[in-house]
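Raw contents of model_11.cif, mmCIF, C-alpha atoms:
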```cif
data_coords
loop_
_atom_site.group_PDB
_atom_site.id
_atom_site.type_symbol
_atom_site.label_atom_id
_atom_site.label_comp_id
_atom_site.auth_asym_id
_atom_site.auth_seq_id
_atom_site.Cartn_x
_atom_site.Cartn_y
_atom_site.Cartn_z
ATOM 1 C CA MET A 1 -42.487 -4.746 -45.553
ATOM 2 C CA LEU A 2 -39.114 -3.324 -46.511
ATOM 3 C CA THR A 3 -39.956 -0.073 -44.735
ATOM 4 C CA ALA A 4 -40.865 -1.943 -41.534
ATOM 5 C CA PHE A 5 -37.605 -3.903 -41.708
ATOM 6 C CA LEU A 6 -35.511 -0.727 -42.145
ATOM 7 C CA LEU A 7 -37.311 0.933 -39.212
ATOM 8 C CA LEU A 8 -36.659 -2.143 -37.073
ATOM 9 C CA VAL A 9 -32.973 -2.186 -37.984
ATOM 10 C CA ALA A 10 -32.597 1.571 -37.434
ATOM 11 C CA THR A 11 -34.132 1.406 -33.965
ATOM 12 C CA THR A 12 -32.170 -1.634 -32.794
ATOM 13 C CA LEU A 13 -28.728 -0.562 -33.992
ATOM 14 C CA THR A 14 -26.808 1.496 -31.491
ATOM 15 C CA PRO A 15 -23.546 3.187 -32.220
ATOM 16 C CA ALA A 16 -20.467 1.420 -30.931
ATOM 17 C CA PRO A 17 -19.208 2.920 -27.686
ATOM 18 C CA ALA A 18 -16.258 5.213 -28.170
ATOM 19 C CA THR A 19 -12.997 3.721 -27.003
ATOM 20 C CA PRO A 20 -11.663 5.622 -24.025
ATOM 21 C CA ALA A 21 -8.683 7.789 -24.785
ATOM 22 C CA ALA A 22 -5.427 6.396 -23.481
ATOM 23 C CA PRO A 23 -3.998 8.473 -20.645
ATOM 24 C CA LEU A 24 -1.007 10.562 -21.606
ATOM 25 C CA ALA A 25 2.319 9.252 -20.376
ATOM 26 C CA PHE A 26 4.732 11.119 -18.142
ATOM 27 C CA ASP A 27 8.209 11.748 -19.523
ATOM 28 C CA VAL A 28 10.551 10.255 -16.896
ATOM 29 C CA SER A 29 14.330 10.377 -17.252
ATOM 30 C CA ILE A 30 16.848 8.875 -14.803
ATOM 31 C CA TYR A 31 20.609 9.417 -14.930
ATOM 32 C CA ILE A 32 23.430 7.992 -12.815
ATOM 33 C CA GLN A 33 27.019 9.099 -13.332
ATOM 34 C CA PRO A 34 30.255 9.592 -11.376
ATOM 35 C CA SER A 35 30.170 12.960 -9.630
ATOM 36 C CA SER A 36 33.485 13.827 -11.301
ATOM 37 C CA MET A 37 31.528 14.125 -14.580
ATOM 38 C CA ASP A 38 29.216 16.863 -13.281
ATOM 39 C CA HIS A 39 28.804 19.995 -15.380
ATOM 40 C CA TYR A 40 30.184 22.620 -13.031
ATOM 41 C CA GLN A 41 33.692 21.488 -12.167
ATOM 42 C CA LEU A 42 34.782 24.987 -11.114
ATOM 43 C CA LEU A 43 32.444 24.845 -8.155
ATOM 44 C CA ARG A 44 33.302 23.060 -4.929
ATOM 45 C CA ARG A 45 33.926 19.347 -5.627
ATOM 46 C CA LYS A 46 31.744 16.656 -4.122
ATOM 47 C CA THR A 47 33.256 13.807 -2.142
ATOM 48 C CA PRO A 48 35.511 11.635 -4.349
ATOM 49 C CA ASN A 49 34.134 8.292 -5.583
ATOM 50 C CA THR A 50 30.526 9.461 -5.313
ATOM 51 C CA PHE A 51 27.793 9.078 -7.887
ATOM 52 C CA THR A 52 25.309 11.779 -8.838
ATOM 53 C CA CYS A 53 21.857 10.298 -9.403
ATOM 54 C CA GLY A 54 19.032 12.385 -10.790
ATOM 55 C CA ALA A 55 15.507 12.161 -12.115
ATOM 56 C CA ASP A 56 13.521 14.539 -14.310
ATOM 57 C CA VAL A 57 9.748 14.256 -14.739
ATOM 58 C CA ILE A 58 7.588 16.220 -17.180
ATOM 59 C CA ALA A 59 3.820 15.955 -16.755
ATOM 60 C CA PRO A 60 1.665 15.431 -19.843
ATOM 61 C CA GLY A 61 -0.720 18.033 -21.133
ATOM 62 C CA PRO A 62 -0.499 21.717 -21.857
ATOM 63 C CA ASP A 63 0.755 22.708 -18.391
ATOM 64 C CA GLY A 64 3.808 20.393 -18.596
ATOM 65 C CA ALA A 65 4.741 20.648 -14.921
ATOM 66 C CA TYR A 66 8.431 19.804 -14.366
ATOM 67 C CA GLY A 67 10.014 18.036 -11.409
ATOM 68 C CA HIS A 68 13.689 17.372 -10.671
ATOM 69 C CA ALA A 69 15.395 15.450 -7.867
ATOM 70 C CA GLU A 70 19.070 14.708 -7.280
ATOM 71 C CA LEU A 71 21.019 12.555 -4.822
ATOM 72 C CA VAL A 72 24.779 12.110 -4.317
ATOM 73 C CA LEU A 73 25.751 8.690 -2.940
ATOM 74 C CA LEU A 74 28.780 6.555 -2.193
ATOM 75 C CA PRO A 75 28.797 2.888 -3.233
ATOM 76 C CA GLY A 76 26.909 0.875 -0.607
ATOM 77 C CA GLN A 77 24.542 3.732 0.277
ATOM 78 C CA ALA A 78 20.820 4.196 -0.339
ATOM 79 C CA ASP A 79 18.714 7.339 -0.095
ATOM 80 C CA LYS A 80 15.274 8.690 -0.971
ATOM 81 C CA VAL A 81 13.869 12.161 -1.627
ATOM 82 C CA THR A 82 10.357 13.505 -2.282
ATOM 83 C CA LYS A 83 9.755 16.604 -4.416
ATOM 84 C CA GLU A 84 6.519 18.482 -5.177
ATOM 85 C CA PHE A 85 5.824 19.982 -8.605
ATOM 86 C CA GLY A 86 2.481 21.362 -9.670
ATOM 87 C CA GLU A 87 -0.290 19.066 -8.496
ATOM 88 C CA TYR A 88 2.098 16.080 -8.479
ATOM 89 C CA SER A 89 4.767 14.714 -6.174
ATOM 90 C CA MET A 90 7.670 12.459 -7.069
ATOM 91 C CA ASP A 91 9.460 9.947 -4.863
ATOM 92 C CA PHE A 92 13.004 9.279 -6.077
ATOM 93 C CA SER A 93 15.027 6.521 -4.452
ATOM 94 C CA VAL A 94 18.451 5.117 -5.331
ATOM 95 C CA ARG A 95 20.413 2.216 -3.933
ATOM 96 C CA LEU A 96 24.083 1.596 -4.853
ATOM 97 C CA LYS A 97 25.104 -1.948 -4.029
ATOM 98 C CA ASN A 98 27.295 -4.642 -5.617
ATOM 99 C CA ASN A 99 28.334 -2.435 -8.554
ATOM 100 C CA ARG A 100 24.678 -1.781 -9.394
ATOM 101 C CA ALA A 101 22.582 1.321 -9.074
ATOM 102 C CA GLN A 102 18.877 0.646 -8.647
ATOM 103 C CA ALA A 103 16.698 3.730 -9.064
ATOM 104 C CA GLU A 104 12.942 4.170 -8.846
ATOM 105 C CA VAL A 105 10.736 7.178 -9.613
ATOM 106 C CA THR A 106 7.111 7.141 -8.466
ATOM 107 C CA VAL A 107 4.845 10.017 -9.517
ATOM 108 C CA LYS A 108 1.671 10.609 -7.493
ATOM 109 C CA ARG A 109 -1.326 12.905 -7.657
ATOM 110 C CA GLY A 110 -2.453 13.048 -4.063
ATOM 111 C CA ASP A 111 -2.347 9.423 -2.873
ATOM 112 C CA GLN A 112 -2.905 7.941 -6.348
ATOM 113 C CA ILE A 113 0.127 6.575 -8.217
ATOM 114 C CA VAL A 114 0.058 7.809 -11.818
ATOM 115 C CA SER A 115 3.484 6.637 -13.014
ATOM 116 C CA ARG A 116 6.343 4.433 -11.849
ATOM 117 C CA GLN A 117 9.695 3.732 -13.483
ATOM 118 C CA ARG A 118 12.538 1.520 -12.304
ATOM 119 C CA SER A 119 16.059 1.441 -13.712
ATOM 120 C CA THR A 120 19.092 -0.696 -12.977
ATOM 121 C CA VAL A 121 22.519 0.461 -14.110
ATOM 122 C CA PHE A 122 25.804 -1.382 -13.653
ATOM 123 C CA ILE A 123 28.479 0.970 -12.326
ATOM 124 C CA ARG A 124 32.228 0.702 -12.230
ATOM 125 C CA THR A 125 34.417 2.366 -9.660
ATOM 126 C CA ASP A 126 37.804 3.409 -11.029
ATOM 127 C CA GLU A 127 40.869 2.087 -9.311
ATOM 128 C CA GLY A 128 44.252 3.775 -9.172
ATOM 129 C CA ILE A 129 45.066 7.143 -10.668
ATOM 130 C CA VAL A 130 42.500 8.484 -13.096
ATOM 131 C CA PRO A 131 43.644 11.325 -15.367
ATOM 132 C CA LEU A 132 41.501 14.448 -15.483
ATOM 133 C CA ARG A 133 39.918 15.371 -18.785
#
```
Target format C-alpha coordinates, applied to this file:
Amino acid sequence: MLTAFLLLVATTLTPAPATPAAPLAFDVSIYIQPSSMDHYQLLRRKTPNTFTCGADVIAPGPDGAYGHAELVLLPGQADKVTKEFGEYSMDFSVRLKNNRAQAEVTVKRGDQIVSRQRSTVFIRTDEGIVPLR
(Lines of atoms letter the chains of each structure in order from A and count residues from 1; the text may use other names and numbers.)
(Lines give C-alpha, C1' and ligand atoms only; values in the text may rest on other atoms or scores of the structure.)
Protein backbone atom coordinates (compact mmCIF):
# COMPACT_ATOMS: atom_id res chain seq x y z
CA MET A 1 0.00 0.00 0.00
CA LEU A 2 2.82 2.37 0.88
CA THR A 3 4.63 1.44 -2.32
CA ALA A 4 1.53 2.19 -4.41
CA PHE A 5 1.13 5.56 -2.68
CA LEU A 6 4.78 6.53 -3.32
CA LEU A 7 4.45 5.52 -6.99
CA LEU A 8 1.29 7.61 -7.29
CA VAL A 9 2.95 10.64 -5.70
CA ALA A 10 6.10 10.25 -7.83
CA THR A 11 4.12 10.12 -11.07
CA THR A 12 1.83 13.05 -10.27
CA LEU A 13 4.46 15.48 -9.00
CA THR A 14 6.01 17.59 -11.70
CA PRO A 15 8.93 19.87 -11.17
CA ALA A 16 8.10 23.54 -10.82
CA PRO A 17 8.66 25.45 -14.04
CA ALA A 18 11.89 27.39 -14.06
CA THR A 19 11.40 31.11 -13.69
CA PRO A 20 12.43 32.90 -16.85
CA ALA A 21 15.66 34.80 -16.57
CA ALA A 22 15.21 38.54 -16.37
CA PRO A 23 16.47 40.33 -19.47
CA LEU A 24 19.72 42.19 -18.97
CA ALA A 25 19.38 45.94 -18.73
CA PHE A 26 21.06 48.46 -21.01
CA ASP A 27 23.39 50.96 -19.38
CA VAL A 28 22.02 54.36 -20.46
CA SER A 29 23.66 57.63 -19.41
CA ILE A 30 22.42 61.13 -20.31
CA TYR A 31 24.32 64.35 -19.65
CA ILE A 32 23.38 67.99 -20.23
CA GLN A 33 25.85 70.79 -19.54
CA PRO A 34 26.75 74.28 -20.77
CA SER A 35 28.96 74.00 -23.85
CA SER A 36 31.54 76.20 -22.11
CA MET A 37 32.27 73.21 -19.83
CA ASP A 38 33.27 70.91 -22.69
CA HIS A 39 36.56 69.04 -22.41
CA TYR A 40 38.46 70.47 -25.35
CA GLN A 41 38.48 74.22 -24.84
CA LEU A 42 41.48 74.72 -27.13
CA LEU A 43 39.41 73.68 -30.11
CA ARG A 44 37.03 76.02 -31.89
CA ARG A 45 34.35 77.24 -29.45
CA LYS A 46 30.69 76.45 -29.97
CA THR A 47 28.10 79.21 -30.04
CA PRO A 48 27.88 81.00 -26.67
CA ASN A 49 24.97 80.14 -24.35
CA THR A 50 24.53 76.68 -25.88
CA PHE A 51 24.13 73.40 -24.06
CA THR A 52 25.86 70.17 -25.01
CA CYS A 53 23.52 67.21 -24.56
CA GLY A 54 24.76 63.66 -24.92
CA ALA A 55 23.75 60.06 -24.42
CA ASP A 56 25.84 56.92 -24.04
CA VAL A 57 24.36 53.42 -24.33
CA ILE A 58 26.12 50.13 -23.58
CA ALA A 59 24.34 46.94 -24.62
CA PRO A 60 24.22 44.04 -22.17
CA GLY A 61 26.03 40.79 -22.76
CA PRO A 62 29.52 39.84 -23.78
CA ASP A 63 29.57 41.95 -26.96
CA GLY A 64 28.80 45.20 -25.08
CA ALA A 65 28.02 47.27 -28.17
CA TYR A 66 28.47 51.01 -27.48
CA GLY A 67 26.47 53.91 -28.89
CA HIS A 68 26.99 57.65 -28.45
CA ALA A 69 24.96 60.65 -29.62
CA GLU A 70 25.48 64.36 -29.01
CA LEU A 71 23.46 67.50 -29.73
CA VAL A 72 24.30 71.19 -29.17
CA LEU A 73 21.23 73.38 -28.58
CA LEU A 74 20.26 76.90 -27.60
CA PRO A 75 17.52 77.45 -25.02
CA GLY A 76 14.14 77.15 -26.75
CA GLN A 77 15.38 74.62 -29.33
CA ALA A 78 14.62 70.93 -29.79
CA ASP A 79 16.43 68.35 -31.89
CA LYS A 80 16.63 64.60 -32.48
CA VAL A 81 19.31 62.25 -33.81
CA THR A 82 19.39 58.52 -34.60
CA LYS A 83 22.59 56.47 -34.31
CA GLU A 84 23.27 52.82 -35.20
CA PHE A 85 25.55 50.63 -33.08
CA GLY A 86 25.88 46.90 -33.50
CA GLU A 87 22.46 45.36 -34.04
CA TYR A 88 20.79 48.25 -32.18
CA SER A 89 19.77 51.81 -32.98
CA MET A 90 19.25 54.67 -30.56
CA ASP A 91 16.96 57.67 -30.93
CA PHE A 92 18.15 60.61 -28.83
CA SER A 93 15.95 63.68 -28.53
CA VAL A 94 16.35 66.81 -26.41
CA ARG A 95 14.09 69.78 -25.87
CA LEU A 96 15.26 72.93 -24.02
CA LYS A 97 12.31 75.00 -22.88
CA ASN A 98 11.40 77.08 -19.81
CA ASN A 99 14.74 76.46 -18.07
CA ARG A 100 14.25 72.70 -18.42
CA ALA A 101 16.01 70.16 -20.56
CA GLN A 102 13.90 67.12 -21.40
CA ALA A 103 15.87 64.26 -22.92
CA GLU A 104 14.78 60.83 -24.10
CA VAL A 105 16.81 57.83 -25.29
CA THR A 106 15.01 54.96 -27.02
CA VAL A 107 17.01 51.85 -27.92
CA LYS A 108 15.60 49.54 -30.60
CA ARG A 109 16.51 46.22 -32.15
CA GLY A 110 14.90 46.42 -35.55
CA ASP A 111 11.41 47.82 -34.89
CA GLN A 112 11.21 46.45 -31.32
CA ILE A 113 11.85 48.87 -28.45
CA VAL A 114 14.19 47.25 -25.92
CA SER A 115 14.90 50.21 -23.63
CA ARG A 116 13.65 53.74 -23.02
CA GLN A 117 14.89 56.37 -20.58
CA ARG A 118 13.63 59.90 -19.98
CA SER A 119 15.38 62.61 -17.99
CA THR A 120 14.41 66.13 -17.00
CA VAL A 121 17.09 68.55 -15.84
CA PHE A 122 16.56 72.13 -14.69
CA ILE A 123 19.08 74.44 -16.36
CA ARG A 124 20.21 77.93 -15.53
CA THR A 125 21.50 80.41 -18.05
CA ASP A 126 24.15 82.74 -16.64
CA GLU A 127 23.53 86.43 -16.86
CA GLY A 128 26.18 89.13 -17.05
CA ILE A 129 29.90 88.52 -17.14
CA VAL A 130 30.98 85.02 -16.20
CA PRO A 131 34.66 84.57 -15.31
CA LEU A 132 36.57 81.83 -17.10
CA ARG A 133 37.98 79.02 -15.01
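Relative to CA of Ser119 in chain A, CA of Val72 in chain A is found at 16.7 Å.
For the choices A:Pro48, A:Gly110, A:Gly86, A:Pro75, the atom-to-atom distance to Ile123 in chain A is smallest for A:Pro75 when using all atoms listed in the file.
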Please provide the set of residues having any atom within 10 Å of range 103-109 of chain A, restricted to all atoms listed in the file, with same-chain residues fewer than 4 positions apart removed, written as a VMD selection string.
-> chain A and resid 26 28 to 32 53 to 57 59 67 69 78 to 84 86 to 96 113 to 121
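In this comparison, which uses only C-alpha atoms, the residue of A:Leu73, A:Ala101, A:Ala65, A:Met37 approaching Phe51 in chain A most closely is A:Leu73.
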Out of A:Phe85, A:Ser36, A:Leu71, A:Asp27, which residue has the shortest atom-to-atom distance to Ile58 in chain A when counting only C-alpha atoms?
-> A:Asp27
Assuming the input is short of atoms at range 59-80 of chain A, produce N, CA, C and O atoms for that part as a PDB file, in the frame of the given file.
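Below you can see selection_33.pdb, which holds the result:
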```pdb
ATOM      1  N   ALA A  59       5.207  16.399 -16.741  1.00  0.00           N
ATOM      2  CA  ALA A  59       3.820  15.955 -16.755  1.00  0.00           C
ATOM      3  C   ALA A  59       3.229  16.143 -18.150  1.00  0.00           C
ATOM      4  O   ALA A  59       3.619  17.050 -18.882  1.00  0.00           O
ATOM      5  N   PRO A  60       2.298  15.271 -18.541  1.00  0.00           N
ATOM      6  CA  PRO A  60       1.665  15.431 -19.843  1.00  0.00           C
ATOM      7  C   PRO A  60       0.687  16.593 -19.845  1.00  0.00           C
ATOM      8  O   PRO A  60       0.314  17.096 -18.794  1.00  0.00           O
ATOM      9  N   GLY A  61       0.289  16.990 -21.017  1.00  0.00           N
ATOM     10  CA  GLY A  61      -0.720  18.033 -21.133  1.00  0.00           C
ATOM     11  C   GLY A  61      -0.109  19.393 -21.378  1.00  0.00           C
ATOM     12  O   GLY A  61       1.111  19.556 -21.441  1.00  0.00           O
ATOM     13  N   PRO A  62      -0.971  20.369 -21.511  1.00  0.00           N
ATOM     14  CA  PRO A  62      -0.499  21.717 -21.857  1.00  0.00           C
ATOM     15  C   PRO A  62       0.289  22.406 -20.745  1.00  0.00           C
ATOM     16  O   PRO A  62       1.139  23.241 -21.016  1.00  0.00           O
ATOM     17  N   ASP A  63       0.019  22.050 -19.476  1.00  0.00           N
ATOM     18  CA  ASP A  63       0.755  22.708 -18.391  1.00  0.00           C
ATOM     19  C   ASP A  63       2.195  22.231 -18.321  1.00  0.00           C
ATOM     20  O   ASP A  63       3.099  22.995 -18.049  1.00  0.00           O
ATOM     21  N   GLY A  64       2.454  20.943 -18.561  1.00  0.00           N
ATOM     22  CA  GLY A  64       3.808  20.393 -18.596  1.00  0.00           C
ATOM     23  C   GLY A  64       4.614  20.676 -17.348  1.00  0.00           C
ATOM     24  O   GLY A  64       5.758  21.098 -17.420  1.00  0.00           O
ATOM     25  N   ALA A  65       4.024  20.422 -16.175  1.00  0.00           N
ATOM     26  CA  ALA A  65       4.741  20.648 -14.921  1.00  0.00           C
ATOM     27  C   ALA A  65       6.033  19.841 -14.924  1.00  0.00           C
ATOM     28  O   ALA A  65       6.098  18.730 -15.438  1.00  0.00           O
ATOM     29  N   TYR A  66       7.100  20.404 -14.339  1.00  0.00           N
ATOM     30  CA  TYR A  66       8.431  19.804 -14.366  1.00  0.00           C
ATOM     31  C   TYR A  66       8.925  19.571 -12.952  1.00  0.00           C
ATOM     32  O   TYR A  66       8.849  20.462 -12.102  1.00  0.00           O
ATOM     33  N   GLY A  67       9.435  18.355 -12.706  1.00  0.00           N
ATOM     34  CA  GLY A  67      10.014  18.036 -11.409  1.00  0.00           C
ATOM     35  C   GLY A  67      11.419  17.491 -11.564  1.00  0.00           C
ATOM     36  O   GLY A  67      11.717  16.792 -12.535  1.00  0.00           O
ATOM     37  N   HIS A  68      12.306  17.823 -10.623  1.00  0.00           N
ATOM     38  CA  HIS A  68      13.689  17.372 -10.671  1.00  0.00           C
ATOM     39  C   HIS A  68      14.125  16.999  -9.258  1.00  0.00           C
ATOM     40  O   HIS A  68      13.825  17.703  -8.290  1.00  0.00           O
ATOM     41  N   ALA A  69      14.840  15.880  -9.146  1.00  0.00           N
ATOM     42  CA  ALA A  69      15.395  15.450  -7.867  1.00  0.00           C
ATOM     43  C   ALA A  69      16.806  14.937  -8.111  1.00  0.00           C
ATOM     44  O   ALA A  69      17.091  14.386  -9.170  1.00  0.00           O
ATOM     45  N   GLU A  70      17.690  15.141  -7.122  1.00  0.00           N
ATOM     46  CA  GLU A  70      19.070  14.708  -7.280  1.00  0.00           C
ATOM     47  C   GLU A  70      19.601  14.210  -5.939  1.00  0.00           C
ATOM     48  O   GLU A  70      19.322  14.798  -4.891  1.00  0.00           O
ATOM     49  N   LEU A  71      20.373  13.123  -5.997  1.00  0.00           N
ATOM     50  CA  LEU A  71      21.019  12.555  -4.822  1.00  0.00           C
ATOM     51  C   LEU A  71      22.478  12.280  -5.152  1.00  0.00           C
ATOM     52  O   LEU A  71      22.806  11.938  -6.285  1.00  0.00           O
ATOM     53  N   VAL A  72      23.365  12.436  -4.159  1.00  0.00           N
ATOM     54  CA  VAL A  72      24.779  12.110  -4.317  1.00  0.00           C
ATOM     55  C   VAL A  72      25.092  11.018  -3.297  1.00  0.00           C
ATOM     56  O   VAL A  72      24.916  11.211  -2.092  1.00  0.00           O
ATOM     57  N   LEU A  73      25.555   9.854  -3.799  1.00  0.00           N
ATOM     58  CA  LEU A  73      25.751   8.690  -2.940  1.00  0.00           C
ATOM     59  C   LEU A  73      27.111   8.042  -3.155  1.00  0.00           C
ATOM     60  O   LEU A  73      27.671   8.092  -4.255  1.00  0.00           O
ATOM     61  N   LEU A  74      27.604   7.416  -2.116  1.00  0.00           N
ATOM     62  CA  LEU A  74      28.780   6.555  -2.193  1.00  0.00           C
ATOM     63  C   LEU A  74      28.320   5.125  -2.464  1.00  0.00           C
ATOM     64  O   LEU A  74      27.192   4.758  -2.126  1.00  0.00           O
ATOM     65  N   PRO A  75      29.165   4.294  -3.061  1.00  0.00           N
ATOM     66  CA  PRO A  75      28.797   2.888  -3.233  1.00  0.00           C
ATOM     67  C   PRO A  75      28.458   2.268  -1.874  1.00  0.00           C
ATOM     68  O   PRO A  75      29.130   2.512  -0.877  1.00  0.00           O
ATOM     69  N   GLY A  76      27.376   1.491  -1.845  1.00  0.00           N
ATOM     70  CA  GLY A  76      26.909   0.875  -0.607  1.00  0.00           C
ATOM     71  C   GLY A  76      25.833   1.682   0.098  1.00  0.00           C
ATOM     72  O   GLY A  76      25.249   1.212   1.068  1.00  0.00           O
ATOM     73  N   GLN A  77      25.544   2.878  -0.364  1.00  0.00           N
ATOM     74  CA  GLN A  77      24.542   3.732   0.277  1.00  0.00           C
ATOM     75  C   GLN A  77      23.208   3.650  -0.458  1.00  0.00           C
ATOM     76  O   GLN A  77      23.137   3.250  -1.621  1.00  0.00           O
ATOM     77  N   ALA A  78      22.158   4.080   0.234  1.00  0.00           N
ATOM     78  CA  ALA A  78      20.820   4.196  -0.339  1.00  0.00           C
ATOM     79  C   ALA A  78      20.190   5.457   0.235  1.00  0.00           C
ATOM     80  O   ALA A  78      20.471   5.836   1.382  1.00  0.00           O
ATOM     81  N   ASP A  79      19.376   6.130  -0.563  1.00  0.00           N
ATOM     82  CA  ASP A  79      18.714   7.339  -0.095  1.00  0.00           C
ATOM     83  C   ASP A  79      17.433   7.547  -0.890  1.00  0.00           C
ATOM     84  O   ASP A  79      17.238   6.950  -1.950  1.00  0.00           O
ATOM     85  N   LYS A  80      16.568   8.422  -0.356  1.00  0.00           N
ATOM     86  CA  LYS A  80      15.274   8.690  -0.971  1.00  0.00           C
ATOM     87  C   LYS A  80      14.931  10.158  -0.755  1.00  0.00           C
ATOM     88  O   LYS A  80      15.257  10.724   0.295  1.00  0.00           O
TER      89      LYS A  80
END
```
